[in-house]
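What's in entry-v4.pdb: PDB, C-alpha atoms
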ATOM      1  CA  MET A   1       4.046  30.755   9.298
ATOM      2  CA  THR A   2       5.269  27.266   8.441
ATOM      3  CA  MET A   3       3.075  24.345   9.252
ATOM      4  CA  GLY A   4       4.644  21.928  11.645
ATOM      5  CA  THR A   5       3.644  18.526  12.848
ATOM      6  CA  LEU A   6       2.906  17.229  16.310
ATOM      7  CA  ASN A   7       3.921  13.573  16.236
ATOM      8  CA  ILE A   8       2.163  11.282  18.679
ATOM      9  CA  LYS A   9       3.336   7.708  19.020
ATOM     10  CA  VAL A  10       1.562   4.912  20.873
ATOM     11  CA  THR A  11       3.423   1.701  21.566
ATOM     12  CA  ARG A  12       1.643  -1.410  22.820
ATOM     13  CA  PRO A  13       4.045  -3.230  25.144
ATOM     14  CA  TYR A  14       1.387  -4.980  27.261
ATOM     15  CA  LYS A  15      -1.070  -7.027  25.187
ATOM     16  CA  LYS A  16      -3.460  -8.882  27.461
ATOM     17  CA  ASP A  17      -6.463 -11.110  26.845
ATOM     18  CA  LYS A  18      -9.107  -8.372  27.262
ATOM     19  CA  TYR A  19      -7.147  -5.114  26.932
ATOM     20  CA  THR A  20      -3.925  -3.441  25.778
ATOM     21  CA  ILE A  21      -1.794  -1.092  27.875
ATOM     22  CA  GLY A  22       0.373   1.271  25.893
ATOM     23  CA  LYS A  23       2.682   4.230  26.190
ATOM     24  CA  MET A  24       2.038   7.585  24.480
ATOM     25  CA  TYR A  25       4.868   9.851  23.365
ATOM     26  CA  LEU A  26       4.540  13.432  22.096
ATOM     27  CA  ASP A  27       7.378  14.430  19.767
ATOM     28  CA  GLY A  28       9.497  11.610  21.196
ATOM     29  CA  LYS A  29       8.892  12.363  24.896
ATOM     30  CA  TYR A  30       6.911  10.025  27.132
ATOM     31  CA  PHE A  31       3.562  11.657  27.947
ATOM     32  CA  CYS A  32       1.236   9.066  29.513
ATOM     33  CA  ASP A  33      -0.066   5.521  29.486
ATOM     34  CA  THR A  34      -2.885   4.385  27.216
ATOM     35  CA  LEU A  35      -5.657   1.811  27.406
ATOM     36  CA  GLU A  36      -7.147   0.123  24.351
ATOM     37  CA  ASP A  37      -9.231  -2.913  23.590
ATOM     38  CA  LYS A  38      -7.534  -6.249  22.874
ATOM     39  CA  ASP A  39      -4.819  -6.062  20.197
ATOM     40  CA  ARG A  40      -5.815  -8.710  17.656
ATOM     41  CA  GLY A  41      -2.854  -8.065  15.356
ATOM     42  CA  LEU A  42      -4.638  -5.770  12.902
ATOM     43  CA  THR A  43      -2.452  -3.601  10.656
ATOM     44  CA  SER A  44      -3.263  -0.771   8.254
ATOM     45  CA  ASP A  45      -1.785  -2.925   5.446
ATOM     46  CA  MET A  46      -4.746  -5.320   5.738
ATOM     47  CA  THR A  47      -7.858  -4.957   3.605
ATOM     48  CA  VAL A  48     -11.129  -3.897   5.228
ATOM     49  CA  SER A  49     -12.521  -7.402   4.691
ATOM     50  CA  GLU A  50      -9.465  -8.968   6.406
ATOM     51  CA  ILE A  51      -9.924  -6.578   9.345
ATOM     52  CA  LYS A  52     -13.652  -7.328   9.611
ATOM     53  CA  GLN A  53     -12.957 -11.087   9.717
ATOM     54  CA  ILE A  54     -10.728 -10.635  12.800
ATOM     55  CA  LYS A  55     -12.399  -7.689  14.530
ATOM     56  CA  VAL A  56     -14.710  -8.316  17.475
ATOM     57  CA  LYS A  57     -17.064  -5.325  17.701
ATOM     58  CA  HIS A  58     -16.419  -3.108  20.761
ATOM     59  CA  GLU A  59     -13.530  -5.387  21.844
ATOM     60  CA  THR A  60     -10.740  -4.769  19.323
ATOM     61  CA  ALA A  61      -7.905  -2.237  19.224
ATOM     62  CA  ILE A  62      -7.548  -0.376  15.927
ATOM     63  CA  PRO A  63      -4.935  -1.447  13.355
ATOM     64  CA  THR A  64      -1.346  -0.342  13.811
ATOM     65  CA  GLY A  65      -0.477   2.426  11.368
ATOM     66  CA  VAL A  66      -0.333   6.196  10.887
ATOM     67  CA  TYR A  67      -3.411   8.378  11.340
ATOM     68  CA  GLU A  68      -4.175  12.068  11.139
ATOM     69  CA  ILE A  69      -6.054  13.544  14.107
ATOM     70  CA  ASP A  70      -9.089  15.750  13.474
ATOM     71  CA  MET A  71      -9.703  18.322  16.231
ATOM     72  CA  ASP A  72     -12.882  19.863  14.763
ATOM     73  CA  THR A  73     -15.488  17.134  15.224
ATOM     74  CA  VAL A  74     -18.031  17.194  18.057
ATOM     75  CA  SER A  75     -18.591  13.768  19.600
ATOM     76  CA  PRO A  76     -22.338  13.020  19.783
ATOM     77  CA  LYS A  77     -21.641  10.396  22.457
ATOM     78  CA  PHE A  78     -19.368  12.465  24.698
ATOM     79  CA  GLN A  79     -20.269  16.110  23.974
ATOM     80  CA  ASN A  80     -22.175  16.524  27.243
ATOM     81  CA  ARG A  81     -19.663  14.763  29.479
ATOM     82  CA  SER A  82     -18.068  17.078  32.029
ATOM     83  CA  TRP A  83     -14.594  16.443  30.596
ATOM     84  CA  ALA A  84     -15.683  17.279  27.010
ATOM     85  CA  ILE A  85     -17.735  20.408  27.768
ATOM     86  CA  PRO A  86     -14.670  22.721  28.063
ATOM     87  CA  TYR A  87     -13.869  21.831  24.417
ATOM     88  CA  ARG A  88     -17.478  22.339  23.242
ATOM     89  CA  GLY A  89     -17.742  18.569  22.799
ATOM     90  CA  LYS A  90     -14.814  18.340  20.397
ATOM     91  CA  VAL A  91     -12.731  15.230  21.050
ATOM     92  CA  PRO A  92      -9.633  14.127  19.076
ATOM     93  CA  ARG A  93     -10.835  11.840  16.248
ATOM     94  CA  LEU A  94      -8.632   9.555  14.169
ATOM     95  CA  VAL A  95      -9.168   9.952  10.415
ATOM     96  CA  ASP A  96      -9.626   6.996   8.040
ATOM     97  CA  VAL A  97      -9.202   4.019  10.361
ATOM     98  CA  LYS A  98      -9.818   0.948   8.178
ATOM     99  CA  GLY A  99     -12.761  -1.107   9.399
ATOM    100  CA  PHE A 100     -13.618   1.347  12.218
ATOM    101  CA  THR A 101     -15.667   4.553  12.526
ATOM    102  CA  GLY A 102     -15.627   7.295  15.147
ATOM    103  CA  VAL A 103     -12.314   6.332  16.770
ATOM    104  CA  LEU A 104     -11.503   8.881  19.481
ATOM    105  CA  ILE A 105      -8.965   9.631  22.162
ATOM    106  CA  HIS A 106     -11.014  10.081  25.333
ATOM    107  CA  VAL A 107     -11.380   9.605  29.075
ATOM    108  CA  ALA A 108     -11.846   6.006  30.298
ATOM    109  CA  ASN A 109     -10.641   3.884  33.181
ATOM    110  CA  LYS A 110     -11.609   0.352  32.078
ATOM    111  CA  PRO A 111     -11.592  -1.489  28.725
ATOM    112  CA  GLU A 112     -15.396  -1.863  28.894
ATOM    113  CA  GLU A 113     -15.607   1.925  28.411
ATOM    114  CA  LEU A 114     -13.877   1.679  25.018
ATOM    115  CA  SER A 115     -15.024   0.661  21.557
ATOM    116  CA  GLY A 116     -11.830   0.728  19.511
ATOM    117  CA  CYS A 117     -10.895   4.091  21.025
ATOM    118  CA  ILE A 118      -7.774   5.109  22.951
ATOM    119  CA  ALA A 119      -7.959   6.245  26.573
ATOM    120  CA  VAL A 120      -5.190   8.199  28.295
ATOM    121  CA  GLY A 121      -4.097   8.187  31.934
ATOM    122  CA  GLU A 122      -1.755   6.413  34.332
ATOM    123  CA  ASN A 123      -1.573   2.625  34.444
ATOM    124  CA  LYS A 124      -1.448   2.216  38.217
ATOM    125  CA  ILE A 125      -4.217  -0.393  38.394
ATOM    126  CA  VAL A 126      -4.231  -3.791  36.716
ATOM    127  CA  GLY A 127      -6.154  -3.669  33.457
ATOM    128  CA  GLY A 128      -7.067  -0.005  33.650
ATOM    129  CA  LEU A 129      -6.131   3.633  34.045
ATOM    130  CA  SER A 130      -6.315   6.211  36.793
ATOM    131  CA  GLU A 131      -5.994  10.011  36.399
ATOM    132  CA  SER A 132      -7.694   9.735  33.001
ATOM    133  CA  THR A 133      -9.574  13.043  33.159
ATOM    134  CA  ILE A 134      -6.521  15.040  34.306
ATOM    135  CA  THR A 135      -4.348  13.397  31.640
ATOM    136  CA  PHE A 136      -6.965  14.052  28.947
ATOM    137  CA  HIS A 137      -7.040  17.778  29.815
ATOM    138  CA  LYS A 138      -3.222  17.970  29.674
ATOM    139  CA  LEU A 139      -3.251  16.238  26.282
ATOM    140  CA  MET A 140      -6.000  18.520  24.968
ATOM    141  CA  CYS A 141      -3.939  21.606  25.888
ATOM    142  CA  LYS A 142      -1.081  20.309  23.731
ATOM    143  CA  LEU A 143      -3.350  19.239  20.868
ATOM    144  CA  ILE A 144      -5.274  22.522  20.839
ATOM    145  CA  ASP A 145      -2.024  24.524  20.834
ATOM    146  CA  ALA A 146      -0.768  22.520  17.839
ATOM    147  CA  HIS A 147      -4.115  22.779  16.040
ATOM    148  CA  GLN A 148      -4.353  26.544  16.586
ATOM    149  CA  ALA A 149      -0.791  26.936  15.280
ATOM    150  CA  GLY A 150      -1.908  25.211  12.079
ATOM    151  CA  ASP A 151       0.175  22.117  12.762
ATOM    152  CA  LYS A 152      -0.815  18.672  11.552
ATOM    153  CA  ILE A 153      -1.344  16.150  14.339
ATOM    154  CA  ILE A 154      -0.183  12.677  13.365
ATOM    155  CA  LEU A 155      -0.651   9.547  15.479
ATOM    156  CA  THR A 156       1.466   6.462  14.843
ATOM    157  CA  ILE A 157       0.465   3.220  16.516
ATOM    158  CA  GLU A 158       3.170   0.563  16.670
TER     159      GLU A 158
END

Could you write out this file's structure as structure tokens?
Amino acid sequence: MTMGTLNIKVTRPYKKDKYTIGKMYLDGKYFCDTLEDKDRGLTSDMTVSEIKQIKVKHETAIPTGVYEIDMDTVSPKFQNRSWAIPYRGKVPRLVDVKGFTGVLIHVANKPEELSGCIAVGENKIVGGLSESTITFHKLMCKLIDAHQAGDKIILTIE
């Protein structure tokens, strides 16, 4: 069996004062909208000290760049949430995000529910998401299928 790659891309077309609305694509096809904290222009080319000078804790989107997704880590914060229980508390975690720890893709409707993480859903309300839980479950089905097939899961944020 050859290892493949599931390529996820997040673009950030709507950068607002307190949040960022993005678009998520799986292997080039639009999948859903995303919600992140404020984009402060961080990039993965920056040093950790440069990132820490700009970052506002719990209010900053992660640097643009390419990240591997780990599907085997249980989230201590979310493991008992109803939407995480079907996956035994395992939530997609981004690996090696400069200046950040524990960056996840998870359910959220408002930027206050994020801390550098990425929420998925439908951007039908100003500054937030609806259908986040349903969208998360659809995404998890795709990620679990790729993971079980032995594929790498790569997330690119532009």

How many Å lie between CA of Lys16 in chain A and CA of Val91 in chain A, rounded to one decimal?
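Rounded to one decimal, the two atoms are 26.6 Å apart.
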
Pick from A:Leu129, A:Val56, A:Cys141, A:Leu35: nearest to Ile105 in chain A, with only C-alpha atoms counted?
A:Leu35

So that I can check the surroundings of Glu112 in chain A, please list as a list of chain:residue names every protein, DNA and RNA residue that reaches within 9 Å of it, counting all atoms listed in the file and ignoring chain neighbours fewer than 4 positions away.
A:Asp37, A:His58, A:Glu59, A:Ala108

Ranking A:Val103, A:Ala149, A:Ile125, A:Val97 by minimum distance to Thr47 in chain A and counting all atoms listed in the file, which one comes first?
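Between A:Val103, A:Ala149, A:Ile125, A:Val97, the residue approaching Thr47 in chain A most closely is A:Val97.
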
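Close contacts of Ile51 in chain A, defined as residues with an atom at most 9 Å away when counting all atoms listed in the file, with chain neighbours fewer than 6 positions off set aside, comprise A:Leu42, A:Thr43, A:Ser44, A:Pro63, A:Lys98, A:Gly99.
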
Residues from the last selection, C-alpha atoms, saved as a short mmCIF file (atom, residue, chain, number, x, y, z; two decimals), keeping the file's coordinate frame:
data_model
loop_
_atom_site.label_atom_id
_atom_site.label_comp_id
_atom_site.auth_asym_id
_atom_site.auth_seq_id
_atom_site.Cartn_x
_atom_site.Cartn_y
_atom_site.Cartn_z
CA LEU A 42 -4.64 -5.77 12.90
CA THR A 43 -2.45 -3.60 10.66
CA SER A 44 -3.26 -0.77 8.25
CA PRO A 63 -4.93 -1.45 13.36
CA LYS A 98 -9.82 0.95 8.18
CA GLY A 99 -12.76 -1.11 9.40
#

Suppose a student applies the PyMOL selection byres ((chain A and resi 14) around 12) to this structure; what residues should they get, written as a ChimeraX atom specification?
/A:10-13,15-23,33-39,123,126-128

Fill-in result for range 30-41 of chain A, all heavy atoms as an mmCIF file, in the frame of the given file:
data_model
loop_
_atom_site.group_PDB
_atom_site.id
_atom_site.type_symbol
_atom_site.label_atom_id
_atom_site.label_comp_id
_atom_site.auth_asym_id
_atom_site.auth_seq_id
_atom_site.Cartn_x
_atom_site.Cartn_y
_atom_site.Cartn_z
ATOM 1 N N TYR A 30 7.992 10.754 26.475
ATOM 2 C CA TYR A 30 6.911 10.025 27.132
ATOM 3 C C TYR A 30 5.909 11.023 27.705
ATOM 4 O O TYR A 30 6.277 11.999 28.346
ATOM 5 C CB TYR A 30 7.468 9.145 28.263
ATOM 6 C CG TYR A 30 6.376 8.541 29.113
ATOM 7 C CD1 TYR A 30 5.658 7.440 28.670
ATOM 8 C CD2 TYR A 30 6.047 9.107 30.340
ATOM 9 C CE1 TYR A 30 4.623 6.904 29.433
ATOM 10 C CE2 TYR A 30 5.014 8.572 31.110
ATOM 11 C CZ TYR A 30 4.314 7.477 30.650
ATOM 12 O OH TYR A 30 3.295 6.956 31.400
ATOM 13 N N PHE A 31 4.612 10.770 27.457
ATOM 14 C CA PHE A 31 3.562 11.657 27.947
ATOM 15 C C PHE A 31 2.646 10.964 28.956
ATOM 16 O O PHE A 31 2.364 11.508 30.010
ATOM 17 C CB PHE A 31 2.738 12.211 26.775
ATOM 18 C CG PHE A 31 1.659 13.154 27.200
ATOM 19 C CD1 PHE A 31 1.964 14.450 27.588
ATOM 20 C CD2 PHE A 31 0.328 12.746 27.240
ATOM 21 C CE1 PHE A 31 0.971 15.326 28.013
ATOM 22 C CE2 PHE A 31 -0.668 13.608 27.658
ATOM 23 C CZ PHE A 31 -0.349 14.896 28.044
ATOM 24 N N CYS A 32 2.163 9.756 28.617
ATOM 25 C CA CYS A 32 1.236 9.066 29.513
ATOM 26 C C CYS A 32 1.098 7.608 29.087
ATOM 27 O O CYS A 32 1.677 7.182 28.099
ATOM 28 C CB CYS A 32 -0.134 9.745 29.506
ATOM 29 S SG CYS A 32 -1.047 9.557 27.946
ATOM 30 N N ASP A 33 0.288 6.886 29.848
ATOM 31 C CA ASP A 33 -0.066 5.521 29.486
ATOM 32 C C ASP A 33 -1.388 5.550 28.713
ATOM 33 O O ASP A 33 -2.147 6.518 28.796
ATOM 34 C CB ASP A 33 -0.228 4.657 30.744
ATOM 35 C CG ASP A 33 1.074 4.543 31.532
ATOM 36 O OD1 ASP A 33 2.151 4.459 30.913
ATOM 37 O OD2 ASP A 33 0.999 4.544 32.775
ATOM 38 N N THR A 34 -1.641 4.479 27.965
ATOM 39 C CA THR A 34 -2.885 4.385 27.216
ATOM 40 C C THR A 34 -3.566 3.053 27.522
ATOM 41 O O THR A 34 -2.928 2.091 27.966
ATOM 42 C CB THR A 34 -2.645 4.465 25.690
ATOM 43 O OG1 THR A 34 -1.790 3.393 25.288
ATOM 44 C CG2 THR A 34 -2.045 5.802 25.302
ATOM 45 N N LEU A 35 -4.862 3.021 27.277
ATOM 46 C CA LEU A 35 -5.657 1.811 27.406
ATOM 47 C C LEU A 35 -6.451 1.642 26.119
ATOM 48 O O LEU A 35 -7.066 2.599 25.641
ATOM 49 C CB LEU A 35 -6.617 1.928 28.597
ATOM 50 C CG LEU A 35 -7.599 0.777 28.814
ATOM 51 C CD1 LEU A 35 -6.867 -0.513 29.173
ATOM 52 C CD2 LEU A 35 -8.601 1.141 29.908
ATOM 53 N N GLU A 36 -6.378 0.443 25.547
ATOM 54 C CA GLU A 36 -7.147 0.123 24.351
ATOM 55 C C GLU A 36 -7.784 -1.244 24.536
ATOM 56 O O GLU A 36 -7.439 -1.988 25.454
ATOM 57 C CB GLU A 36 -6.246 0.076 23.113
ATOM 58 C CG GLU A 36 -5.600 1.400 22.755
ATOM 59 C CD GLU A 36 -4.705 1.252 21.545
ATOM 60 O OE1 GLU A 36 -5.238 1.280 20.417
ATOM 61 O OE2 GLU A 36 -3.493 1.081 21.718
ATOM 62 N N ASP A 37 -8.672 -1.568 23.609
ATOM 63 C CA ASP A 37 -9.231 -2.913 23.590
ATOM 64 C C ASP A 37 -8.137 -3.906 23.227
ATOM 65 O O ASP A 37 -6.993 -3.524 22.943
ATOM 66 C CB ASP A 37 -10.374 -2.980 22.558
ATOM 67 C CG ASP A 37 -11.626 -2.252 23.030
ATOM 68 O OD1 ASP A 37 -12.002 -2.417 24.204
ATOM 69 O OD2 ASP A 37 -12.229 -1.520 22.220
ATOM 70 N N LYS A 38 -8.483 -5.186 23.179
ATOM 71 C CA LYS A 38 -7.534 -6.249 22.874
ATOM 72 C C LYS A 38 -6.890 -6.019 21.503
ATOM 73 O O LYS A 38 -7.577 -5.738 20.519
ATOM 74 C CB LYS A 38 -8.254 -7.598 22.875
ATOM 75 C CG LYS A 38 -7.371 -8.780 22.523
ATOM 76 C CD LYS A 38 -8.178 -10.072 22.545
ATOM 77 C CE LYS A 38 -7.373 -11.258 22.066
ATOM 78 N NZ LYS A 38 -6.368 -11.711 23.003
ATOM 79 N N ASP A 39 -5.558 -6.137 21.449
ATOM 80 C CA ASP A 39 -4.819 -6.062 20.197
ATOM 81 C C ASP A 39 -4.935 -7.425 19.519
ATOM 82 O O ASP A 39 -4.423 -8.423 20.024
ATOM 83 C CB ASP A 39 -3.356 -5.709 20.470
ATOM 84 C CG ASP A 39 -2.537 -5.546 19.203
ATOM 85 O OD1 ASP A 39 -2.890 -6.158 18.178
ATOM 86 O OD2 ASP A 39 -1.526 -4.831 19.237
ATOM 87 N N ARG A 40 -5.622 -7.452 18.381
ATOM 88 C CA ARG A 40 -5.815 -8.710 17.656
ATOM 89 C C ARG A 40 -4.904 -8.805 16.431
ATOM 90 O O ARG A 40 -5.152 -9.574 15.508
ATOM 91 C CB ARG A 40 -7.291 -8.856 17.252
ATOM 92 C CG ARG A 40 -8.219 -8.903 18.469
ATOM 93 C CD ARG A 40 -9.682 -9.025 18.099
ATOM 94 N NE ARG A 40 -10.515 -8.806 19.269
ATOM 95 C CZ ARG A 40 -10.818 -9.745 20.170
ATOM 96 N NH1 ARG A 40 -10.345 -10.974 20.033
ATOM 97 N NH2 ARG A 40 -11.578 -9.452 21.214
ATOM 98 N N GLY A 41 -3.844 -7.985 16.426
ATOM 99 C CA GLY A 41 -2.854 -8.065 15.356
ATOM 100 C C GLY A 41 -3.245 -7.381 14.062
ATOM 101 O O GLY A 41 -2.647 -7.639 13.015
#
